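final_17.pdb, holding PDB, C-alpha atoms, pLDDT in the B column:
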ATOM      1  CA  MET I1167      -2.547  17.727  13.784  1.00 60.00           C
ATOM      2  CA  VAL I1168      -4.689  17.851  10.680  1.00 63.00           C
ATOM      3  CA  ARG I1169      -7.809  19.995  10.803  1.00 69.00           C
ATOM      4  CA  LEU I1170     -10.291  19.932   7.940  1.00 67.00           C
ATOM      5  CA  ASN I1171     -12.985  22.541   8.388  1.00 72.00           C
ATOM      6  CA  ARG I1172     -14.014  22.723   4.745  1.00 73.00           C
ATOM      7  CA  ILE I1173     -13.886  19.746   2.440  1.00 74.00           C
ATOM      8  CA  TYR I1174     -13.992  21.664  -0.805  1.00 79.00           C
ATOM      9  CA  THR I1175     -11.544  24.461  -1.495  1.00 77.00           C
ATOM     10  CA  ARG I1176     -12.168  25.063  -5.216  1.00 80.00           C
ATOM     11  CA  THR I1177      -8.388  25.275  -5.734  1.00 70.00           C
ATOM     12  CA  GLY I1178      -8.435  22.074  -7.795  1.00 77.00           C
ATOM     13  CA  ASP I1179     -11.132  23.241 -10.176  1.00 82.00           C
ATOM     14  CA  ASP I1180      -8.438  24.096 -12.712  1.00 84.00           C
ATOM     15  CA  GLY I1181      -7.190  20.488 -12.797  1.00 86.00           C
ATOM     16  CA  THR I1182      -4.264  20.997 -10.427  1.00 87.00           C
ATOM     17  CA  THR I1183      -3.551  19.930  -6.884  1.00 90.00           C
ATOM     18  CA  GLY I1184      -1.138  21.166  -4.250  1.00 87.00           C
ATOM     19  CA  LEU I1185       1.817  19.139  -3.031  1.00 85.00           C
ATOM     20  CA  GLY I1186       3.118  19.334   0.532  1.00 86.00           C
ATOM     21  CA  SER I1187       5.844  21.676  -0.706  1.00 84.00           C
ATOM     22  CA  GLY I1188       3.181  24.154  -1.865  1.00 83.00           C
ATOM     23  CA  LYS I1189       3.873  23.515  -5.541  1.00 89.00           C
ATOM     24  CA  ARG I1190       0.805  22.990  -7.732  1.00 92.00           C
ATOM     25  CA  VAL I1191       0.875  20.190 -10.285  1.00 91.00           C
ATOM     26  CA  PRO I1192      -1.642  18.656 -12.695  1.00 87.00           C
ATOM     27  CA  LYS I1193      -3.867  16.018 -11.116  1.00 91.00           C
ATOM     28  CA  TYR I1194      -2.476  13.511 -13.622  1.00 93.00           C
ATOM     29  CA  ASP I1195       1.115  14.148 -12.451  1.00 95.00           C
ATOM     30  CA  LEU I1196       2.986  10.895 -11.800  1.00 97.00           C
ATOM     31  CA  ARG I1197       3.582  11.843  -8.160  1.00 97.00           C
ATOM     32  CA  VAL I1198      -0.170  12.416  -7.696  1.00 97.00           C
ATOM     33  CA  GLU I1199      -0.883   9.103  -9.467  1.00 98.00           C
ATOM     34  CA  SER I1200       1.513   7.424  -7.029  1.00 98.00           C
ATOM     35  CA  PHE I1201       0.009   8.703  -3.804  1.00 97.00           C
ATOM     36  CA  GLY I1202      -3.500   8.396  -5.245  1.00 97.00           C
ATOM     37  CA  THR I1203      -2.871   4.716  -5.917  1.00 98.00           C
ATOM     38  CA  VAL I1204      -1.485   4.281  -2.392  1.00 98.00           C
ATOM     39  CA  ASP I1205      -4.794   5.756  -1.198  1.00 98.00           C
ATOM     40  CA  GLU I1206      -6.664   3.272  -3.393  1.00 98.00           C
ATOM     41  CA  ALA I1207      -4.676   0.386  -1.865  1.00 98.00           C
ATOM     42  CA  ASN I1208      -5.601   1.719   1.564  1.00 98.00           C
ATOM     43  CA  ALA I1209      -9.297   1.679   0.631  1.00 98.00           C
ATOM     44  CA  CYS I1210      -8.943  -1.924  -0.565  1.00 98.00           C
ATOM     45  CA  ILE I1211      -7.409  -2.868   2.778  1.00 98.00           C
ATOM     46  CA  GLY I1212     -10.380  -1.188   4.454  1.00 98.00           C
ATOM     47  CA  MET I1213     -12.669  -3.456   2.438  1.00 98.00           C
ATOM     48  CA  ALA I1214     -10.605  -6.501   3.432  1.00 98.00           C
ATOM     49  CA  ARG I1215     -10.896  -5.493   7.083  1.00 98.00           C
ATOM     50  CA  LEU I1216     -14.663  -5.893   6.855  1.00 98.00           C
ATOM     51  CA  HIS I1217     -13.836  -9.606   6.641  1.00 97.00           C
ATOM     52  CA  THR I1218     -10.946  -9.742   9.140  1.00 97.00           C
ATOM     53  CA  SER I1219     -12.261  -7.692  12.067  1.00 96.00           C
ATOM     54  CA  GLY I1220     -13.630  -9.978  14.750  1.00 94.00           C
ATOM     55  CA  THR I1221     -12.503 -13.156  12.958  1.00 96.00           C
ATOM     56  CA  TYR I1222      -8.744 -12.518  12.819  1.00 97.00           C
ATOM     57  CA  PRO I1223      -8.010  -9.901  15.507  1.00 97.00           C
ATOM     58  CA  ASP I1224      -4.206 -10.102  15.280  1.00 97.00           C
ATOM     59  CA  LEU I1225      -4.217  -9.770  11.489  1.00 98.00           C
ATOM     60  CA  ASP I1226      -6.810  -7.008  11.689  1.00 98.00           C
ATOM     61  CA  ALA I1227      -4.542  -5.065  14.067  1.00 98.00           C
ATOM     62  CA  MET I1228      -1.689  -5.467  11.570  1.00 98.00           C
ATOM     63  CA  LEU I1229      -3.922  -4.186   8.772  1.00 98.00           C
ATOM     64  CA  ALA I1230      -4.995  -1.217  10.910  1.00 98.00           C
ATOM     65  CA  ARG I1231      -1.321  -0.296  11.435  1.00 98.00           C
ATOM     66  CA  ILE I1232      -0.692  -0.679   7.708  1.00 98.00           C
ATOM     67  CA  GLN I1233      -3.598   1.639   6.886  1.00 98.00           C
ATOM     68  CA  ASN I1234      -2.037   4.289   9.101  1.00 98.00           C
ATOM     69  CA  ASP I1235       1.363   3.662   7.496  1.00 98.00           C
ATOM     70  CA  LEU I1236      -0.200   4.169   4.071  1.00 98.00           C
ATOM     71  CA  PHE I1237      -1.325   7.641   5.107  1.00 97.00           C
ATOM     72  CA  ASP I1238       2.293   8.241   6.186  1.00 98.00           C
ATOM     73  CA  LEU I1239       3.416   6.997   2.770  1.00 98.00           C
ATOM     74  CA  GLY I1240       0.922   9.285   1.041  1.00 98.00           C
ATOM     75  CA  ALA I1241       2.257  12.229   3.030  1.00 96.00           C
ATOM     76  CA  ASP I1242       5.809  11.186   2.158  1.00 97.00           C
ATOM     77  CA  LEU I1243       5.002  11.040  -1.558  1.00 97.00           C
ATOM     78  CA  CYS I1244       2.982  14.266  -1.420  1.00 96.00           C
ATOM     79  CA  THR I1245       6.019  16.177  -0.155  1.00 94.00           C
ATOM     80  CA  PRO I1246       8.813  15.740  -2.675  1.00 89.00           C
ATOM     81  CA  ASP I1247      12.399  15.945  -1.506  1.00 83.00           C
ATOM     82  CA  ILE I1248      13.412  19.013  -3.481  1.00 74.00           C
ATOM     83  CA  GLY I1249      16.816  19.309  -1.846  1.00 77.00           C
ATOM     84  CA  GLU I1250      15.834  22.506  -0.065  1.00 78.00           C
ATOM     85  CA  PRO I1251      14.614  22.888   3.504  1.00 82.00           C
ATOM     86  CA  LEU I1252      10.882  23.285   4.036  1.00 83.00           C
ATOM     87  CA  ALA I1253       9.209  25.338   6.738  1.00 84.00           C
ATOM     88  CA  TYR I1254       8.373  22.047   8.502  1.00 87.00           C
ATOM     89  CA  GLU I1255       9.795  18.548   8.898  1.00 89.00           C
ATOM     90  CA  PRO I1256       8.044  16.383   6.284  1.00 91.00           C
ATOM     91  CA  LEU I1257       6.643  13.020   7.337  1.00 94.00           C
ATOM     92  CA  ARG I1258       8.666  10.173   5.863  1.00 96.00           C
ATOM     93  CA  ILE I1259       8.403   6.402   5.950  1.00 98.00           C
ATOM     94  CA  VAL I1260      11.220   5.104   8.180  1.00 98.00           C
ATOM     95  CA  HIS I1261      13.103   1.825   8.160  1.00 98.00           C
ATOM     96  CA  GLU I1262      11.447   0.748  11.432  1.00 98.00           C
ATOM     97  CA  GLN I1263       8.134   0.561   9.559  1.00 98.00           C
ATOM     98  CA  VAL I1264       9.752  -1.688   6.952  1.00 98.00           C
ATOM     99  CA  GLU I1265      11.263  -3.892   9.662  1.00 98.00           C
ATOM    100  CA  ARG I1266       7.905  -4.233  11.440  1.00 98.00           C
ATOM    101  CA  ILE I1267       6.106  -5.346   8.292  1.00 98.00           C
ATOM    102  CA  GLU I1268       8.918  -7.848   7.596  1.00 98.00           C
ATOM    103  CA  ARG I1269       8.456  -9.336  11.090  1.00 98.00           C
ATOM    104  CA  GLU I1270       4.720  -9.578  10.490  1.00 98.00           C
ATOM    105  CA  ILE I1271       5.255 -11.295   7.115  1.00 98.00           C
ATOM    106  CA  ASP I1272       7.561 -13.814   8.785  1.00 98.00           C
ATOM    107  CA  ALA I1273       5.087 -14.467  11.609  1.00 98.00           C
ATOM    108  CA  LEU I1274       2.188 -15.144   9.220  1.00 98.00           C
ATOM    109  CA  ASN I1275       4.321 -17.104   6.765  1.00 97.00           C
ATOM    110  CA  ALA I1276       5.594 -19.433   9.509  1.00 97.00           C
ATOM    111  CA  ASP I1277       2.087 -20.997   9.621  1.00 94.00           C
ATOM    112  CA  LEU I1278       1.920 -21.662   5.865  1.00 96.00           C
ATOM    113  CA  ALA I1279       2.962 -24.698   3.881  1.00 89.00           C
ATOM    114  CA  PRO I1280       5.313 -23.951   0.986  1.00 89.00           C
ATOM    115  CA  LEU I1281       3.609 -23.259  -2.316  1.00 89.00           C
ATOM    116  CA  LYS I1282       3.704 -25.768  -5.154  1.00 87.00           C
ATOM    117  CA  SER I1283       1.749 -23.600  -7.596  1.00 91.00           C
ATOM    118  CA  PHE I1284       0.646 -20.018  -8.056  1.00 95.00           C
ATOM    119  CA  VAL I1285      -2.417 -18.982  -6.067  1.00 96.00           C
ATOM    120  CA  LEU I1286      -5.552 -17.631  -7.722  1.00 96.00           C
ATOM    121  CA  PRO I1287      -7.338 -14.818  -5.878  1.00 97.00           C
ATOM    122  CA  GLY I1288     -10.203 -16.306  -3.899  1.00 96.00           C
ATOM    123  CA  GLY I1289     -10.938 -19.044  -1.433  1.00 95.00           C
ATOM    124  CA  SER I1290     -12.653 -16.667   0.983  1.00 96.00           C
ATOM    125  CA  ALA I1291     -13.973 -13.123   0.931  1.00 97.00           C
ATOM    126  CA  ALA I1292     -11.115 -11.923   3.148  1.00 98.00           C
ATOM    127  CA  SER I1293      -8.536 -13.542   0.879  1.00 98.00           C
ATOM    128  CA  ALA I1294     -10.073 -12.148  -2.306  1.00 98.00           C
ATOM    129  CA  HIS I1295     -10.091  -8.614  -0.856  1.00 98.00           C
ATOM    130  CA  LEU I1296      -6.491  -8.964   0.331  1.00 98.00           C
ATOM    131  CA  HIS I1297      -5.500 -10.077  -3.167  1.00 98.00           C
ATOM    132  CA  LEU I1298      -7.223  -7.023  -4.619  1.00 98.00           C
ATOM    133  CA  ALA I1299      -5.304  -4.817  -2.180  1.00 98.00           C
ATOM    134  CA  ARG I1300      -2.112  -6.640  -3.224  1.00 98.00           C
ATOM    135  CA  THR I1301      -2.653  -5.923  -6.914  1.00 98.00           C
ATOM    136  CA  VAL I1302      -3.389  -2.244  -6.287  1.00 98.00           C
ATOM    137  CA  THR I1303      -0.282  -2.080  -4.091  1.00 98.00           C
ATOM    138  CA  ARG I1304       1.772  -3.534  -6.943  1.00 98.00           C
ATOM    139  CA  ARG I1305       0.400  -0.827  -9.232  1.00 98.00           C
ATOM    140  CA  ALA I1306       1.392   1.823  -6.674  1.00 98.00           C
ATOM    141  CA  GLU I1307       4.877   0.318  -6.590  1.00 98.00           C
ATOM    142  CA  ARG I1308       5.138   0.419 -10.387  1.00 98.00           C
ATOM    143  CA  LEU I1309       4.113   4.079 -10.388  1.00 98.00           C
ATOM    144  CA  MET I1310       6.562   4.936  -7.608  1.00 98.00           C
ATOM    145  CA  THR I1311       9.331   3.137  -9.501  1.00 98.00           C
ATOM    146  CA  GLU I1312       8.466   5.099 -12.617  1.00 98.00           C
ATOM    147  CA  LEU I1313       8.444   8.301 -10.563  1.00 98.00           C
ATOM    148  CA  VAL I1314      11.967   7.816  -9.210  1.00 96.00           C
ATOM    149  CA  ALA I1315      13.183   7.148 -12.764  1.00 97.00           C
ATOM    150  CA  GLN I1316      12.123  10.692 -13.755  1.00 96.00           C
ATOM    151  CA  PRO I1317      14.846  13.365 -13.767  1.00 94.00           C
ATOM    152  CA  GLY I1318      14.838  15.347 -10.532  1.00 91.00           C
ATOM    153  CA  GLU I1319      12.317  13.103  -8.748  1.00 94.00           C
ATOM    154  CA  ARG I1320      13.147  11.340  -5.496  1.00 93.00           C
ATOM    155  CA  VAL I1321      11.408   8.839  -3.249  1.00 95.00           C
ATOM    156  CA  GLY I1322      13.084   7.634  -0.073  1.00 95.00           C
ATOM    157  CA  SER I1323      14.508   4.121   0.036  1.00 97.00           C
ATOM    158  CA  ALA I1324      12.362   3.216   3.066  1.00 98.00           C
ATOM    159  CA  ALA I1325       9.219   4.210   1.152  1.00 98.00           C
ATOM    160  CA  MET I1326      10.229   2.046  -1.815  1.00 98.00           C
ATOM    161  CA  LYS I1327      11.011  -0.900   0.451  1.00 98.00           C
ATOM    162  CA  TYR I1328       7.752  -0.463   2.371  1.00 98.00           C
ATOM    163  CA  ILE I1329       5.528  -0.593  -0.725  1.00 98.00           C
ATOM    164  CA  ASN I1330       7.417  -3.652  -1.974  1.00 98.00           C
ATOM    165  CA  ARG I1331       7.065  -5.460   1.367  1.00 98.00           C
ATOM    166  CA  LEU I1332       3.401  -4.512   1.613  1.00 98.00           C
ATOM    167  CA  SER I1333       2.459  -6.517  -1.463  1.00 98.00           C
ATOM    168  CA  ASP I1334       4.361  -9.477   0.019  1.00 98.00           C
ATOM    169  CA  PHE I1335       2.503  -9.014   3.307  1.00 98.00           C
ATOM    170  CA  LEU I1336      -0.860  -8.927   1.552  1.00 98.00           C
ATOM    171  CA  PHE I1337      -0.048 -12.093  -0.403  1.00 98.00           C
ATOM    172  CA  VAL I1338       0.964 -13.978   2.744  1.00 98.00           C
ATOM    173  CA  ALA I1339      -2.071 -12.613   4.627  1.00 98.00           C
ATOM    174  CA  SER I1340      -4.386 -13.704   1.796  1.00 98.00           C
ATOM    175  CA  ARG I1341      -3.107 -17.258   2.182  1.00 97.00           C
ATOM    176  CA  TRP I1342      -3.176 -17.098   5.985  1.00 98.00           C
ATOM    177  CA  VAL I1343      -6.906 -16.245   6.053  1.00 98.00           C
ATOM    178  CA  ASN I1344      -7.555 -19.155   3.690  1.00 97.00           C
ATOM    179  CA  ASP I1345      -7.202 -21.590   6.593  1.00 95.00           C
ATOM    180  CA  LYS I1346      -3.430 -21.047   6.533  1.00 96.00           C
ATOM    181  CA  GLY I1347      -3.287 -21.970   2.869  1.00 94.00           C
ATOM    182  CA  ALA I1348      -5.456 -25.116   3.048  1.00 93.00           C
ATOM    183  CA  LYS I1349      -8.269 -23.340   1.165  1.00 95.00           C
ATOM    184  CA  ASP I1350      -6.061 -21.618  -1.391  1.00 95.00           C
ATOM    185  CA  VAL I1351      -7.271 -21.855  -4.967  1.00 94.00           C
ATOM    186  CA  LEU I1352      -4.288 -23.059  -6.948  1.00 94.00           C
ATOM    187  CA  TRP I1353      -3.537 -22.331 -10.575  1.00 95.00           C
ATOM    188  CA  VAL I1354      -3.536 -25.417 -12.769  1.00 94.00           C
ATOM    189  CA  PRO I1355      -1.612 -24.548 -15.942  1.00 94.00           C
ATOM    190  CA  GLY I1356      -3.553 -25.380 -19.084  1.00 95.00           C
ATOM    191  CA  LYS I1357      -6.471 -26.844 -17.126  1.00 94.00           C
ATOM    192  CA  ASN I1358      -9.153 -25.555 -19.505  1.00 95.00           C
ATOM    193  CA  ARG I1359      -7.518 -26.288 -22.861  1.00 95.00           C
TER     194      ARG I1359
END
What's the structure tokens form of this structure?
Amino acid sequence: MVRLNRIYTRTGDDGTTGLGSGKRVPKYDLRVESFGTVDEANACIGMARLHTSGTYPDLDAMLARIQNDLFDLGADLCTPDIGEPLAYEPLRIVHEQVERIEREIDALNADLAPLKSFVLPGGSAASAHLHLARTVTRRAERLMTELVAQPGERVGSAAMKYINRLSDFLFVASRWVNDKGAKDVLWVPGKNR
């Protein structure tokens, strides 16, 4: 269990932060950028939930689970797999979390008509916030992909799959809250030429 008695520790005053392995790295380190952007996506989902709680209880419950999963993902990214045993078992995203989000994507998508154009963010406040969360999630995925391309860096396959599925989930959810796609704002190529 996590216990935070003091919020400030002063250990980051030198521009570094501690990873779960105990190693200190610069706050601009790509791994820190990755889990920081996952945290940002989580905050965006929190904003979206202001518009889903009460109105879409099933979707809101899915989003609540995802927010918890994103803390798991942050913990996973914060504790690099260095190939050596740690004093504790690090928290990792598992394939069951990926499978659950896939089932939830399929359930929401079953209610939607197929797309005939790209969708512009908007239509409703809930949809716009879910689109924002989607774009931040895509940025987190790009950073994580860049991270695993670095020599000696590893990210578990379940974590990579989860972040990829999450942006798909958020896209489908953004359409679902737009009256199951009926209120989607569609892109019209060249409309304003």
**Q.** Picked residues, the PyMOL selection byres ((chain I and resi 1266) around 12), as a PyMOL selection string
**A.** chain I and resi 1228+1231-1232+1235+1259-1265+1267-1273+1327-1328+1331-1332+1335
**Q.** Residues returned when the PyMOL selection byres ((chain I and resi 1346-1357) around 9) runs on this file, as an MDAnalysis selection string
**A.** chainID I and resid 1274:1275 1277:1279 1281:1290 1293 1339:1345 1358:1359
**Q.** Selection under test: the PyMOL selection byres ((chain I and resi 1179-1183) around 9); residues as a PyMOL selection string
**A.** chain I and resi 1175-1178+1184-1185+1189-1195+1198
**Q.** All residues 8 Å or closer to Ser1187 of chain I, all atoms listed in the file, same chain fewer than 4 positions away omitted, as a list of chain:residue names
**A.**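 Near Ser1187 of chain I, the qualifying residues are I:Cys1244, I:Thr1245, I:Pro1246, I:Leu1252.
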Q.
When you look at Ser1333 of chain I with a cut-off of 10 Å (counting only C-alpha atoms), what residues show up, excluding the ones that are within fewer than 5 positions of it in the same chain? I need them as a PyMOL selection string.
A. chain I and resi 1207+1296-1297+1299-1307+1328+1338-1339
Q) Got a sec: who's within 10 Å of segment 1219-1221 of chain I, counting all atoms listed in the file, leaving out chain neighbours fewer than 4 positions off, as a ChimeraX atom specification? A) /I:1214-1215,1225-1227,1229-1230,1292,1343
Q: Using only C-alpha atoms, find the one residue out of I:Ala1291, I:Ala1253, I:Ala1241, I:Ile1248 that sits nearest to Pro1317 of chain I.
A: I:Ile1248
Q: Kindly indicate which residue among I:Ala1209, I:Leu1196, I:Ile1173, I:Ala1276 lies nearest to Arg1308 of chain I, using only C-alpha atoms for the distances.
A: I:Leu1196
Q) Any idea what the distance is between atom CA of Thr1218 of chain I and atom CA of Leu1298 of chain I? A)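 Interatomic distance here is 14.5 Å.
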Return as AutoDock Vina command-line options the centre and edge lengths, in Å with one decimal, of the box along x, y and z that encloses every atom of segment 1324-1341 of chain I in the file, padded by 3 Å per side.
--center_x 4.0 --center_y -6.5 --center_z 1.3 --size_x 22.7 --size_y 27.5 --size_z 12.6
Q.
One number please: atom CA of Pro1251 of chain I to atom CA of Gly1186 of chain I, in Å, one decimal.
A.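 Computing the Euclidean distance for atom CA of Pro1251 of chain I and atom CA of Gly1186 of chain I yields 12.4 Å.
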Emit segment 1198-1307 of chain I of the structure in the block as a file comprising C-alpha atoms, as a PDB file, in the first residue's frame.
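Below you can see decode.pdb, which holds the result:
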ATOM      1  CA  VAL I1198       9.939   9.930 -17.259  1.00  0.00           C
ATOM      2  CA  GLU I1199       8.376  11.634 -20.304  1.00  0.00           C
ATOM      3  CA  SER I1200       6.556   8.371 -21.042  1.00  0.00           C
ATOM      4  CA  PHE I1201       5.003   7.821 -17.638  1.00  0.00           C
ATOM      5  CA  GLY I1202       4.407  11.558 -17.236  1.00  0.00           C
ATOM      6  CA  THR I1203       2.395  11.555 -20.452  1.00  0.00           C
ATOM      7  CA  VAL I1204       0.456   8.493 -19.268  1.00  0.00           C
ATOM      8  CA  ASP I1205      -0.374  10.552 -16.166  1.00  0.00           C
ATOM      9  CA  GLU I1206      -1.498  13.420 -18.401  1.00  0.00           C
ATOM     10  CA  ALA I1207      -3.781  11.047 -20.342  1.00  0.00           C
ATOM     11  CA  ASN I1208      -5.213   9.897 -17.024  1.00  0.00           C
ATOM     12  CA  ALA I1209      -5.989  13.504 -16.059  1.00  0.00           C
ATOM     13  CA  CYS I1210      -7.728  14.012 -19.414  1.00  0.00           C
ATOM     14  CA  ILE I1211      -9.871  10.948 -18.753  1.00  0.00           C
ATOM     15  CA  GLY I1212     -10.724  12.452 -15.366  1.00  0.00           C
ATOM     16  CA  MET I1213     -11.949  15.565 -17.172  1.00  0.00           C
ATOM     17  CA  ALA I1214     -13.998  13.425 -19.568  1.00  0.00           C
ATOM     18  CA  ARG I1215     -15.573  11.638 -16.609  1.00  0.00           C
ATOM     19  CA  LEU I1216     -17.055  14.935 -15.453  1.00  0.00           C
ATOM     20  CA  HIS I1217     -19.296  14.518 -18.507  1.00  0.00           C
ATOM     21  CA  THR I1218     -19.872  10.742 -18.341  1.00  0.00           C
ATOM     22  CA  SER I1219     -20.627  10.162 -14.654  1.00  0.00           C
ATOM     23  CA  GLY I1220     -24.361   9.947 -14.105  1.00  0.00           C
ATOM     24  CA  THR I1221     -25.164  10.114 -17.834  1.00  0.00           C
ATOM     25  CA  TYR I1222     -23.293   7.014 -19.035  1.00  0.00           C
ATOM     26  CA  PRO I1223     -22.773   4.823 -15.946  1.00  0.00           C
ATOM     27  CA  ASP I1224     -21.434   1.768 -17.801  1.00  0.00           C
ATOM     28  CA  LEU I1225     -18.923   3.828 -19.785  1.00  0.00           C
ATOM     29  CA  ASP I1226     -17.980   5.772 -16.666  1.00  0.00           C
ATOM     30  CA  ALA I1227     -17.214   2.495 -14.867  1.00  0.00           C
ATOM     31  CA  MET I1228     -14.993   1.481 -17.794  1.00  0.00           C
ATOM     32  CA  LEU I1229     -13.183   4.820 -17.611  1.00  0.00           C
ATOM     33  CA  ALA I1230     -12.720   4.428 -13.848  1.00  0.00           C
ATOM     34  CA  ARG I1231     -11.075   1.025 -14.428  1.00  0.00           C
ATOM     35  CA  ILE I1232      -8.887   2.543 -17.138  1.00  0.00           C
ATOM     36  CA  GLN I1233      -7.759   5.325 -14.796  1.00  0.00           C
ATOM     37  CA  ASN I1234      -6.639   2.698 -12.305  1.00  0.00           C
ATOM     38  CA  ASP I1235      -4.921   0.750 -15.096  1.00  0.00           C
ATOM     39  CA  LEU I1236      -3.053   3.903 -16.097  1.00  0.00           C
ATOM     40  CA  PHE I1237      -1.584   4.132 -12.606  1.00  0.00           C
ATOM     41  CA  ASP I1238      -0.523   0.489 -13.063  1.00  0.00           C
ATOM     42  CA  LEU I1239       1.036   1.461 -16.396  1.00  0.00           C
ATOM     43  CA  GLY I1240       2.832   4.393 -14.778  1.00  0.00           C
ATOM     44  CA  ALA I1241       4.220   2.066 -12.119  1.00  0.00           C
ATOM     45  CA  ASP I1242       5.252  -0.391 -14.834  1.00  0.00           C
ATOM     46  CA  LEU I1243       7.095   2.315 -16.774  1.00  0.00           C
ATOM     47  CA  CYS I1244       8.610   3.793 -13.609  1.00  0.00           C
ATOM     48  CA  THR I1245      10.295   0.479 -12.802  1.00  0.00           C
ATOM     49  CA  PRO I1246      12.483  -0.471 -15.743  1.00  0.00           C
ATOM     50  CA  ASP I1247      13.197  -4.120 -16.408  1.00  0.00           C
ATOM     51  CA  ILE I1248      16.940  -4.025 -15.850  1.00  0.00           C
ATOM     52  CA  GLY I1249      17.375  -7.780 -16.103  1.00  0.00           C
ATOM     53  CA  GLU I1250      18.249  -8.063 -12.428  1.00  0.00           C
ATOM     54  CA  PRO I1251      15.947  -9.001  -9.565  1.00  0.00           C
ATOM     55  CA  LEU I1252      14.592  -6.181  -7.425  1.00  0.00           C
ATOM     56  CA  ALA I1253      13.848  -6.339  -3.719  1.00  0.00           C
ATOM     57  CA  TYR I1254      10.133  -6.458  -4.628  1.00  0.00           C
ATOM     58  CA  GLU I1255       7.890  -7.714  -7.424  1.00  0.00           C
ATOM     59  CA  PRO I1256       7.290  -4.731  -9.731  1.00  0.00           C
ATOM     60  CA  LEU I1257       3.750  -3.987 -10.873  1.00  0.00           C
ATOM     61  CA  ARG I1258       3.310  -4.757 -14.559  1.00  0.00           C
ATOM     62  CA  ILE I1259       0.463  -4.422 -17.022  1.00  0.00           C
ATOM     63  CA  VAL I1260      -0.811  -7.940 -17.793  1.00  0.00           C
ATOM     64  CA  HIS I1261      -2.484  -9.367 -20.870  1.00  0.00           C
ATOM     65  CA  GLU I1262      -5.807  -9.715 -19.015  1.00  0.00           C
ATOM     66  CA  GLN I1263      -5.988  -5.912 -18.863  1.00  0.00           C
ATOM     67  CA  VAL I1264      -5.462  -5.751 -22.628  1.00  0.00           C
ATOM     68  CA  GLU I1265      -8.136  -8.398 -23.203  1.00  0.00           C
ATOM     69  CA  ARG I1266     -10.636  -6.538 -21.004  1.00  0.00           C
ATOM     70  CA  ILE I1267     -10.179  -3.270 -22.872  1.00  0.00           C
ATOM     71  CA  GLU I1268     -10.560  -5.139 -26.190  1.00  0.00           C
ATOM     72  CA  ARG I1269     -13.889  -6.590 -24.989  1.00  0.00           C
ATOM     73  CA  GLU I1270     -15.023  -3.124 -23.954  1.00  0.00           C
ATOM     74  CA  ILE I1271     -14.038  -1.661 -27.347  1.00  0.00           C
ATOM     75  CA  ASP I1272     -16.030  -4.394 -29.081  1.00  0.00           C
ATOM     76  CA  ALA I1273     -19.070  -3.830 -26.854  1.00  0.00           C
ATOM     77  CA  LEU I1274     -19.146  -0.073 -27.518  1.00  0.00           C
ATOM     78  CA  ASN I1275     -18.321  -0.439 -31.206  1.00  0.00           C
ATOM     79  CA  ALA I1276     -21.189  -2.899 -31.750  1.00  0.00           C
ATOM     80  CA  ASP I1277     -23.618   0.045 -31.314  1.00  0.00           C
ATOM     81  CA  LEU I1278     -21.898   2.259 -33.906  1.00  0.00           C
ATOM     82  CA  ALA I1279     -22.513   2.596 -37.614  1.00  0.00           C
ATOM     83  CA  PRO I1280     -19.406   2.170 -39.766  1.00  0.00           C
ATOM     84  CA  LEU I1281     -17.529   5.366 -40.508  1.00  0.00           C
ATOM     85  CA  LYS I1282     -17.589   6.939 -43.955  1.00  0.00           C
ATOM     86  CA  SER I1283     -15.259   9.813 -43.062  1.00  0.00           C
ATOM     87  CA  PHE I1284     -12.805  10.833 -40.380  1.00  0.00           C
ATOM     88  CA  VAL I1285     -14.341  12.272 -37.221  1.00  0.00           C
ATOM     89  CA  LEU I1286     -13.488  15.742 -35.945  1.00  0.00           C
ATOM     90  CA  PRO I1287     -13.211  16.113 -32.165  1.00  0.00           C
ATOM     91  CA  GLY I1288     -16.480  17.500 -30.851  1.00  0.00           C
ATOM     92  CA  GLY I1289     -20.185  16.890 -31.006  1.00  0.00           C
ATOM     93  CA  SER I1290     -20.538  16.910 -27.224  1.00  0.00           C
ATOM     94  CA  ALA I1291     -18.434  17.892 -24.240  1.00  0.00           C
ATOM     95  CA  ALA I1292     -17.895  14.239 -23.296  1.00  0.00           C
ATOM     96  CA  SER I1293     -16.780  13.383 -26.824  1.00  0.00           C
ATOM     97  CA  ALA I1294     -14.411  16.345 -27.078  1.00  0.00           C
ATOM     98  CA  HIS I1295     -12.755  15.420 -23.763  1.00  0.00           C
ATOM     99  CA  LEU I1296     -12.445  11.772 -24.809  1.00  0.00           C
ATOM    100  CA  HIS I1297     -10.791  12.894 -28.043  1.00  0.00           C
ATOM    101  CA  LEU I1298      -8.339  14.997 -26.051  1.00  0.00           C
ATOM    102  CA  ALA I1299      -7.544  11.967 -23.887  1.00  0.00           C
ATOM    103  CA  ARG I1300      -7.095   9.940 -27.094  1.00  0.00           C
ATOM    104  CA  THR I1301      -4.555  12.371 -28.531  1.00  0.00           C
ATOM    105  CA  VAL I1302      -2.554  12.488 -25.296  1.00  0.00           C
ATOM    106  CA  THR I1303      -2.657   8.683 -25.190  1.00  0.00           C
ATOM    107  CA  ARG I1304      -1.259   8.578 -28.726  1.00  0.00           C
ATOM    108  CA  ARG I1305       1.571  10.857 -27.610  1.00  0.00           C
ATOM    109  CA  ALA I1306       2.285   8.519 -24.682  1.00  0.00           C
ATOM    110  CA  GLU I1307       2.388   5.619 -27.129  1.00  0.00           C
TER     111      GLU I1307
END
